[in-house]
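Structure first, then comments.
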Amino acid sequence: MSGAALGLEIVFVFFLALFLLHRYGDFKKQHRLVIIATLLAWYLCFLIVFILPLDVSTTIYNRCKLAVNSSPAESNGSYVSLAPSKQKCFKPWSYIPNGIMPVFWRVVYWTSQFLTWILLPFMQSYARSGGFSITGKIKTALIENAIYYGTYLLIFGAFLIYVAVNPNFNLQWNQLQTIGIAAANTWGLFLLVLLLGYGLVEIPRSHWNGAKRGYLLMKTYFKAAKLMTEKADAEENLEDIMEEVRKVSESIKYNHPLRKCVDTILKKCPTEYQERMGRNMDDYEDFDERHNSYPTEKSLVKLHKQVIYSVQRHRRTQVQWQILLEQAFYLEDVAKNETSATRQFVHTFHSQEPENKIIQYFYTPTVEWYWECLLRPWFYRVLAVVLATFSVIVVWSECTFFSTQPVLSLFAVFIQLAEKTYNYIYIEMACFLTIFFLSICVYSTVFRIRVFNYYYLASHHQTDAYSLLFSGMLFCRLTPPLCLNFLGLTHMDATISHKKTQPTAYTSIMGSMKVLSFIADGFYIYYPMLVVILCIATYFSLGTRCLNLLGFQQFMGDNEMTSDLIDEGKELIRREKRKRQRQEEGENRRREWKERYGNRDDSTRNRVVHADQKESSFSETNANRPSSKYTRSNGRTERDRIELLQDAEPLDFNADSINDDPLESDSGRYQPGGRYLSMSRSKIFDDV
C-alpha cells in the first residue's frame, strides 16, 4: 500500500501538470523541447508539493520507532519523549520504506536546480533568438546568458570566500554543496515572501468580489477598454513589421544568397500577408549587387525576431478579445436574468461550441438560473471567508514560528496534537492543505503577474515559449524555499525547533544551514515577518495606486480615469453585441430563405447552366409563333435574368487598382478614376 500511494501521486501529478500546460501552451505550434522542458519543470515542482506530506508522516513514524527502541534518557528532548517509551507505533497507510525518499528527493531537487539555473535560461534565449540556423541560435543564447551566469558565479564566489576565510570552518564538499543550496534558497525566499504577501490578500478578496455582479461587470468593461488599446497597438505593430518584410522580400530576389532567410521569415507571417506578398513578387528579375543595397544577415535576424514576437502578440490579443466578449455577454445575461419571473436562464447568444449532452441534460436553464443568480454569490462569499481565515493563520504563523517555548505557530500546534495520537491521515491532510494553500497563493501570483509584454501567461493556448520557460524557472526556484518554509511553520525542521530529532528526508538533502549562521539564524527567521507589511500594502492597494500614478492604468473604483475606461469599454461591448446580433439575424434570414426557396435556387442554377440551350429553343419558338412573347415562358426568362443580375457581386468603389485577371478586364469593373471600363471612349460602341 505504501508504494501504491507514492505511485498514484506521481501519476496524478503528471496528468495535472500536463493539463495545465495544455491550457496555457500550444502543443501543435510550439517546439517539442520547449514543451518537454516546461512540463518537466512544472511536474517536478508539483511533485514536491504533493509528496512532502507523505515524507512528514513517514518521519513521525520513524521518530516513534526510534523513541520506543531507545531508552528514556536517549529519547529525551525529542518530539516522541512526550509519549511513553513503550507505546506501540502504528504504521501509516502511506508509509514509504527507508532509503527511498532521500534518493527520490535528491533526484527531484537537483534536476529542478539544473533546469532553473542552466537549461531553461539557455532555452529562453534560444526560443527568442531570430537566428536561421541551430548554430546561430546557440551562439546568441550563449552570449545573452554570459552576464546571467557570471552574476550567479559572483554570488557563489562571495559565499565561498566567506566560508574559506572563517577559521571555524573546514572547507569540504558537503559544505560547498550547502553553500550552493543556501544561495539558491535565499534568492527563492526573497521572491517567495513578495508573492506570498500579495496572494494571501488578493485571493480571498477576488473571491469576495466575485460575488458582486456589478463589480465583475464593471471590471470586465475596464479590461475591454485596455485590451482594445493593446489589440489596436498589436495590429499596428504587425502592419509595420509586415511592411518591412514586404520591402525586404521585394528587394531580395530568388537567386540572392539571403533568399532562404527571407523565405523563413515569410513562413512565420500570417497567411493573408503571405498571399499578398506572393502576388507582388517578381522572381524572374535577377539581383544586382552594384546598383542596389541589400539588408545584412544581422538585420534579417533582428527582423525575424520581431516577426515572431509581433505575430504571437497579435494572435494572443485576438483570442483574448473574443474570450472577453463572451465573458461580458454572459455577465450581462446574469444581470438581466436576476429579475426573471420564470426562473429560467436565457442567453442572448447561443454558444458557438457544441455543448456536452450530459451537461446539457443535468445543467438545465432552471438549474443554471438558481446557480448563477442565487447560489453562486453565497458560495463565493463562504469560500472567501474560509480563505481569509487561512490567510490570517498563515500570517500569524509566519511571525511566530521561531518560538518553540511556548509553541505559537498554529500549524505546529495542529501537527503536534495529531502526532500524540498518531492520526496519520489527519497529519497528511493538514500538511497537504497547508502547503497546498501556500502554493496556491504563490503560484497564482506567478500566473497573474505580467512583466510588460515579455512575460505573460495567457490561457487558451496563447502563451509564448519565452513565458512558459520563464514560469518553469520561477516554479523551480520558489518551490524548495516554499517547502522549507512550510517545514519551519510546522516545526518539522530541526533548525527551527532546536531539537535533536530525526529530520525529514527533504531537509536531510539540504544539509545543515549552520555553515552560514547569519542566514540560518537571521534571514530565514526574520525575513518572513515582512509578509505582514506586504499584506497591509496589498489590502490598501498601494501597489495598484503607485502603478496608476506612473501611468499604468489599473482598476480603481474611485478614479476618474477608471470611470472613463469603464464607459469606453461598455460602449465597445455594446457595439460588438449589435454586430453579433446583426450577424445572427442575417444567418437566420439566409437559413429561412434556403429552407423556403431551396428548390427554386436549384432550378435557377440549372437554368443558368443551360442558358444557351434555352435561348436557342426560345428563339425557335418565337419564329414559329410570334405571339408567344407574351406567354409564361417569356416571363420566366425575364425573371431568370433578373435573378442573375441580383446574384452579381457588388462593386468595390474603394479598389486601388484594376483586377489583373485578363478574363475580367472587359467585365465592366470600376476604374480608379471613378469610371467603368465599359464606359471608356474606346469601347463605348463595342456592343453595337
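By order of appearance in the C-alpha cells: chains A, B, ..., then residues from 1 within every chain, and ligands from 1 in the order shown.
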| Among segment 198-446 of chain A, which ones does DSSP place in helix (DSSP H, G or I), written as a PyMOL selection string? | chain A and resi 198-209+213-251+259-268+271-279+297-337+357-362+365-400+410-421+424-446
Residues of segment 117-192 of chain A that have any atom at most 10 Å from an atom of segment 457-465 of chain A: could you tabulate them with the shortest-distance atom pair and the distance in Å to one decimal, using only C-alpha atoms, ordered by chain and increasing number, as a Markdown table?
```
| residue | atom | partner | partner_atom | distance |
| --- | --- | --- | --- | --- |
| A:Met123 | CA | A:Ala465 | CA | 9.1 |
| A:Gln124 | CA | A:Ala465 | CA | 7.5 |
| A:Tyr126 | CA | A:Ala465 | CA | 10.0 |
| A:Ala127 | CA | A:Ala465 | CA | 6.5 |
| A:Arg128 | CA | A:Ala465 | CA | 8.1 |
```
Residue selection dump (C-alpha atoms) as an mmCIF file, in the first residue's frame:
```
data_model
loop_
_atom_site.group_PDB
_atom_site.id
_atom_site.type_symbol
_atom_site.label_atom_id
_atom_site.label_comp_id
_atom_site.auth_asym_id
_atom_site.auth_seq_id
_atom_site.Cartn_x
_atom_site.Cartn_y
_atom_site.Cartn_z
ATOM 1 C CA MET A 123 16.358 27.674 -23.858
ATOM 2 C CA GLN A 124 14.723 31.049 -23.236
ATOM 3 C CA TYR A 126 17.291 30.101 -27.852
ATOM 4 C CA ALA A 127 13.500 30.425 -28.251
ATOM 5 C CA ARG A 128 13.583 34.228 -28.638
#
```
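You can rank A:Gly551, A:Pro503, A:Gly472, A:Gly150 by their closest distance to Thr58 of chain A using only C-alpha atoms, and at the top of that list sits A:Pro503.
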Quick one: residues within 12 Å of Leu303 of chain A, only C-alpha atoms, excluding same-chain residues fewer than 5 positions away - as a PDB file with N, CA and C atoms, in the first residue's frame?
```
ATOM      1  N   ARG A 128      13.810  32.855 -28.185  1.00  0.00           N
ATOM      2  CA  ARG A 128      13.583  34.228 -28.638  1.00  0.00           C
ATOM      3  C   ARG A 128      14.579  34.657 -29.704  1.00  0.00           C
ATOM      4  N   SER A 129      15.554  33.819 -29.978  1.00  0.00           N
ATOM      5  CA  SER A 129      16.550  34.188 -30.974  1.00  0.00           C
ATOM      6  C   SER A 129      15.931  34.192 -32.369  1.00  0.00           C
ATOM      7  N   GLY A 130      16.389  35.126 -33.195  1.00  0.00           N
ATOM      8  CA  GLY A 130      15.915  35.209 -34.570  1.00  0.00           C
ATOM      9  C   GLY A 130      16.850  34.564 -35.560  1.00  0.00           C
ATOM     10  N   GLY A 131      17.777  33.739 -35.095  1.00  0.00           N
ATOM     11  CA  GLY A 131      18.722  33.088 -35.992  1.00  0.00           C
ATOM     12  C   GLY A 131      18.038  32.111 -36.928  1.00  0.00           C
ATOM     13  N   PHE A 132      18.690  31.850 -38.049  1.00  0.00           N
ATOM     14  CA  PHE A 132      18.120  30.976 -39.062  1.00  0.00           C
ATOM     15  C   PHE A 132      18.715  29.572 -39.028  1.00  0.00           C
ATOM     16  N   LEU A 238       2.037  44.919 -36.055  1.00  0.00           N
ATOM     17  CA  LEU A 238       2.131  43.860 -37.047  1.00  0.00           C
ATOM     18  C   LEU A 238       2.144  44.438 -38.466  1.00  0.00           C
ATOM     19  N   ASP A 240       3.300  47.357 -39.388  1.00  0.00           N
ATOM     20  CA  ASP A 240       4.618  47.961 -39.628  1.00  0.00           C
ATOM     21  C   ASP A 240       5.666  46.885 -39.917  1.00  0.00           C
ATOM     22  N   ILE A 241       5.639  45.804 -39.139  1.00  0.00           N
ATOM     23  CA  ILE A 241       6.612  44.734 -39.353  1.00  0.00           C
ATOM     24  C   ILE A 241       6.390  44.077 -40.710  1.00  0.00           C
ATOM     25  N   MET A 242       5.123  43.854 -41.064  1.00  0.00           N
ATOM     26  CA  MET A 242       4.839  43.234 -42.357  1.00  0.00           C
ATOM     27  C   MET A 242       5.249  44.138 -43.522  1.00  0.00           C
ATOM     28  N   GLU A 243       5.175  45.447 -43.322  1.00  0.00           N
ATOM     29  CA  GLU A 243       5.631  46.365 -44.367  1.00  0.00           C
ATOM     30  C   GLU A 243       7.143  46.252 -44.556  1.00  0.00           C
ATOM     31  N   GLU A 244       7.870  46.105 -43.455  1.00  0.00           N
ATOM     32  CA  GLU A 244       9.314  45.901 -43.572  1.00  0.00           C
ATOM     33  C   GLU A 244       9.628  44.571 -44.249  1.00  0.00           C
ATOM     34  N   VAL A 245       8.860  43.537 -43.906  1.00  0.00           N
ATOM     35  CA  VAL A 245       9.070  42.239 -44.543  1.00  0.00           C
ATOM     36  C   VAL A 245       8.793  42.326 -46.042  1.00  0.00           C
ATOM     37  N   ARG A 246       7.759  43.068 -46.423  1.00  0.00           N
ATOM     38  CA  ARG A 246       7.432  43.211 -47.847  1.00  0.00           C
ATOM     39  C   ARG A 246       8.567  43.898 -48.608  1.00  0.00           C
ATOM     40  N   LYS A 247       9.128  44.953 -48.018  1.00  0.00           N
ATOM     41  CA  LYS A 247      10.232  45.650 -48.677  1.00  0.00           C
ATOM     42  C   LYS A 247      11.448  44.735 -48.827  1.00  0.00           C
ATOM     43  N   VAL A 248      11.734  43.976 -47.776  1.00  0.00           N
ATOM     44  CA  VAL A 248      12.872  43.060 -47.837  1.00  0.00           C
ATOM     45  C   VAL A 248      12.618  41.970 -48.868  1.00  0.00           C
ATOM     46  N   SER A 249      11.378  41.455 -48.910  1.00  0.00           N
ATOM     47  CA  SER A 249      11.055  40.397 -49.851  1.00  0.00           C
ATOM     48  C   SER A 249      11.139  40.880 -51.297  1.00  0.00           C
ATOM     49  N   CYS A 261      16.743  32.937 -46.052  1.00  0.00           N
ATOM     50  CA  CYS A 261      16.381  33.599 -44.794  1.00  0.00           C
ATOM     51  C   CYS A 261      15.060  34.342 -44.931  1.00  0.00           C
ATOM     52  N   VAL A 262      14.864  34.997 -46.072  1.00  0.00           N
ATOM     53  CA  VAL A 262      13.610  35.719 -46.306  1.00  0.00           C
ATOM     54  C   VAL A 262      12.441  34.742 -46.368  1.00  0.00           C
ATOM     55  N   THR A 264      12.212  31.925 -44.821  1.00  0.00           N
ATOM     56  CA  THR A 264      11.951  31.503 -43.443  1.00  0.00           C
ATOM     57  C   THR A 264      11.115  32.540 -42.703  1.00  0.00           C
ATOM     58  N   ILE A 265      11.418  33.814 -42.939  1.00  0.00           N
ATOM     59  CA  ILE A 265      10.632  34.882 -42.306  1.00  0.00           C
ATOM     60  C   ILE A 265       9.205  34.876 -42.827  1.00  0.00           C
ATOM     61  N   LEU A 266       9.042  34.675 -44.133  1.00  0.00           N
ATOM     62  CA  LEU A 266       7.697  34.680 -44.720  1.00  0.00           C
ATOM     63  C   LEU A 266       6.840  33.542 -44.170  1.00  0.00           C
ATOM     64  N   LYS A 268       6.755  32.545 -41.194  1.00  0.00           N
ATOM     65  CA  LYS A 268       6.267  32.927 -39.870  1.00  0.00           C
ATOM     66  C   LYS A 268       5.173  33.987 -39.943  1.00  0.00           C
ATOM     67  N   CYS A 269       4.938  34.568 -41.098  1.00  0.00           N
ATOM     68  CA  CYS A 269       3.924  35.612 -41.256  1.00  0.00           C
ATOM     69  C   CYS A 269       2.534  34.976 -41.350  1.00  0.00           C
ATOM     70  N   PRO A 295      19.817  44.274 -47.338  1.00  0.00           N
ATOM     71  CA  PRO A 295      19.994  44.125 -45.888  1.00  0.00           C
ATOM     72  C   PRO A 295      20.992  43.016 -45.571  1.00  0.00           C
ATOM     73  N   THR A 296      21.611  43.164 -44.421  1.00  0.00           N
ATOM     74  CA  THR A 296      22.586  42.171 -43.988  1.00  0.00           C
ATOM     75  C   THR A 296      21.887  41.026 -43.255  1.00  0.00           C
ATOM     76  N   GLU A 297      22.643  39.980 -43.022  1.00  0.00           N
ATOM     77  CA  GLU A 297      22.075  38.838 -42.298  1.00  0.00           C
ATOM     78  C   GLU A 297      21.733  39.210 -40.859  1.00  0.00           C
ATOM     79  N   LYS A 298      22.503  40.093 -40.272  1.00  0.00           N
ATOM     80  CA  LYS A 298      22.227  40.533 -38.905  1.00  0.00           C
ATOM     81  C   LYS A 298      20.897  41.269 -38.824  1.00  0.00           C
ATOM     82  N   ILE A 308       8.355  37.069 -35.168  1.00  0.00           N
ATOM     83  CA  ILE A 308       7.867  36.037 -34.245  1.00  0.00           C
ATOM     84  C   ILE A 308       7.106  36.670 -33.087  1.00  0.00           C
ATOM     85  N   TYR A 309       7.666  37.735 -32.538  1.00  0.00           N
ATOM     86  CA  TYR A 309       7.033  38.385 -31.390  1.00  0.00           C
ATOM     87  C   TYR A 309       5.729  39.068 -31.778  1.00  0.00           C
ATOM     88  N   SER A 310       5.717  39.796 -32.886  1.00  0.00           N
ATOM     89  CA  SER A 310       4.519  40.552 -33.280  1.00  0.00           C
ATOM     90  C   SER A 310       3.376  39.625 -33.675  1.00  0.00           C
TER      91      SER A 310
END
```
| Between atom CA of Tyr330 of chain A and atom CA of Pro377 of chain A, what is the distance, to one decimal in Å? |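 Straight-line distance from atom CA of Tyr330 of chain A to atom CA of Pro377 of chain A works out to 15.3 Å.
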| With only C-alpha atoms as the basis for distance, which of A:Tyr61, A:Tyr539, A:Phe345, A:Phe90 is at the shortest distance from Pro365 of chain A? |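 With only C-alpha atoms as the atom set, the closest residue is A:Phe345.
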| request: Mind checking which residues fall within 12 Å of Phe523 of chain A, counting only C-alpha atoms, ignoring those fewer than 6 positions away in the same chain, and posting them as a PyMOL selection string? | output: chain A and resi 182-183+185-187+189-190+193+402+485+513+516-517+529-530
Based on the selection just made, write N, CA, C and O atoms of those residues as a PDB file, in the first residue's frame.
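Output (again-v9.pdb):
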```pdb
ATOM      1  N   ALA A 182      22.083  27.075  -0.047  1.00  0.00           N
ATOM      2  CA  ALA A 182      21.693  28.265   0.713  1.00  0.00           C
ATOM      3  C   ALA A 182      21.551  29.482  -0.190  1.00  0.00           C
ATOM      4  O   ALA A 182      20.626  30.287  -0.022  1.00  0.00           O
ATOM      5  N   ALA A 183      22.463  29.616  -1.142  1.00  0.00           N
ATOM      6  CA  ALA A 183      22.367  30.751  -2.069  1.00  0.00           C
ATOM      7  C   ALA A 183      21.094  30.678  -2.896  1.00  0.00           C
ATOM      8  O   ALA A 183      20.387  31.682  -3.086  1.00  0.00           O
ATOM      9  N   ASN A 185      18.267  29.024  -2.145  1.00  0.00           N
ATOM     10  CA  ASN A 185      17.094  29.182  -1.291  1.00  0.00           C
ATOM     11  C   ASN A 185      16.928  30.614  -0.803  1.00  0.00           C
ATOM     12  O   ASN A 185      15.799  31.078  -0.594  1.00  0.00           O
ATOM     13  N   THR A 186      18.042  31.319  -0.619  1.00  0.00           N
ATOM     14  CA  THR A 186      17.944  32.726  -0.202  1.00  0.00           C
ATOM     15  C   THR A 186      17.295  33.565  -1.281  1.00  0.00           C
ATOM     16  O   THR A 186      16.406  34.390  -1.004  1.00  0.00           O
ATOM     17  N   TRP A 187      17.717  33.361  -2.522  1.00  0.00           N
ATOM     18  CA  TRP A 187      17.098  34.087  -3.633  1.00  0.00           C
ATOM     19  C   TRP A 187      15.619  33.726  -3.751  1.00  0.00           C
ATOM     20  O   TRP A 187      14.760  34.577  -3.953  1.00  0.00           O
ATOM     21  N   LEU A 189      13.576  32.524  -1.376  1.00  0.00           N
ATOM     22  CA  LEU A 189      12.798  33.017  -0.242  1.00  0.00           C
ATOM     23  C   LEU A 189      12.531  34.511  -0.361  1.00  0.00           C
ATOM     24  O   LEU A 189      11.456  34.992   0.033  1.00  0.00           O
ATOM     25  N   PHE A 190      13.482  35.251  -0.899  1.00  0.00           N
ATOM     26  CA  PHE A 190      13.286  36.690  -1.103  1.00  0.00           C
ATOM     27  C   PHE A 190      12.095  36.950  -2.024  1.00  0.00           C
ATOM     28  O   PHE A 190      11.243  37.805  -1.756  1.00  0.00           O
ATOM     29  N   VAL A 193       8.399  35.547  -0.407  1.00  0.00           N
ATOM     30  CA  VAL A 193       7.662  36.390   0.537  1.00  0.00           C
ATOM     31  C   VAL A 193       6.920  37.504  -0.202  1.00  0.00           C
ATOM     32  O   VAL A 193       5.782  37.858   0.156  1.00  0.00           O
ATOM     33  N   PHE A 402       9.228  30.867  14.965  1.00  0.00           N
ATOM     34  CA  PHE A 402      10.535  30.692  15.597  1.00  0.00           C
ATOM     35  C   PHE A 402      10.416  30.448  17.095  1.00  0.00           C
ATOM     36  O   PHE A 402      11.396  30.057  17.744  1.00  0.00           O
ATOM     37  N   ASN A 485       9.972  26.592   4.159  1.00  0.00           N
ATOM     38  CA  ASN A 485       9.158  27.483   4.979  1.00  0.00           C
ATOM     39  C   ASN A 485       7.991  26.731   5.610  1.00  0.00           C
ATOM     40  O   ASN A 485       7.645  26.968   6.789  1.00  0.00           O
ATOM     41  N   MET A 513      22.270  24.183   7.663  1.00  0.00           N
ATOM     42  CA  MET A 513      22.462  25.592   7.361  1.00  0.00           C
ATOM     43  C   MET A 513      23.329  26.303   8.396  1.00  0.00           C
ATOM     44  O   MET A 513      23.545  27.509   8.297  1.00  0.00           O
ATOM     45  N   LEU A 516      26.292  28.612   7.391  1.00  0.00           N
ATOM     46  CA  LEU A 516      26.080  30.049   7.222  1.00  0.00           C
ATOM     47  C   LEU A 516      25.113  30.484   8.311  1.00  0.00           C
ATOM     48  O   LEU A 516      23.894  30.521   8.122  1.00  0.00           O
ATOM     49  N   SER A 517      25.640  30.805   9.459  1.00  0.00           N
ATOM     50  CA  SER A 517      24.802  31.088  10.628  1.00  0.00           C
ATOM     51  C   SER A 517      23.965  32.337  10.441  1.00  0.00           C
ATOM     52  O   SER A 517      22.830  32.415  10.926  1.00  0.00           O
ATOM     53  N   MET A 529       8.756  37.625   8.329  1.00  0.00           N
ATOM     54  CA  MET A 529       7.870  38.564   9.011  1.00  0.00           C
ATOM     55  C   MET A 529       7.479  39.739   8.119  1.00  0.00           C
ATOM     56  O   MET A 529       6.480  40.417   8.370  1.00  0.00           O
ATOM     57  N   LEU A 530       8.251  39.955   7.070  1.00  0.00           N
ATOM     58  CA  LEU A 530       7.939  41.035   6.144  1.00  0.00           C
ATOM     59  C   LEU A 530       6.603  40.825   5.442  1.00  0.00           C
ATOM     60  O   LEU A 530       6.050  41.758   4.863  1.00  0.00           O
TER      61      LEU A 530
END
```
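Here atom CA of Val108 of chain A is placed at a distance of 13.8 Å from atom CA of Ile181 of chain A.
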| message | Please compute the atom CA of Val334 of chain A-atom CA of Asn588 of chain A distance, one decimal, in Å. | response | 24.9 Å
| query | Which residue out of A:Ala184, A:Trp371, A:Thr389, A:Ser57 has the minimum interatomic distance to Met429 of chain A when only C-alpha atoms are used? | reply | A:Ser57
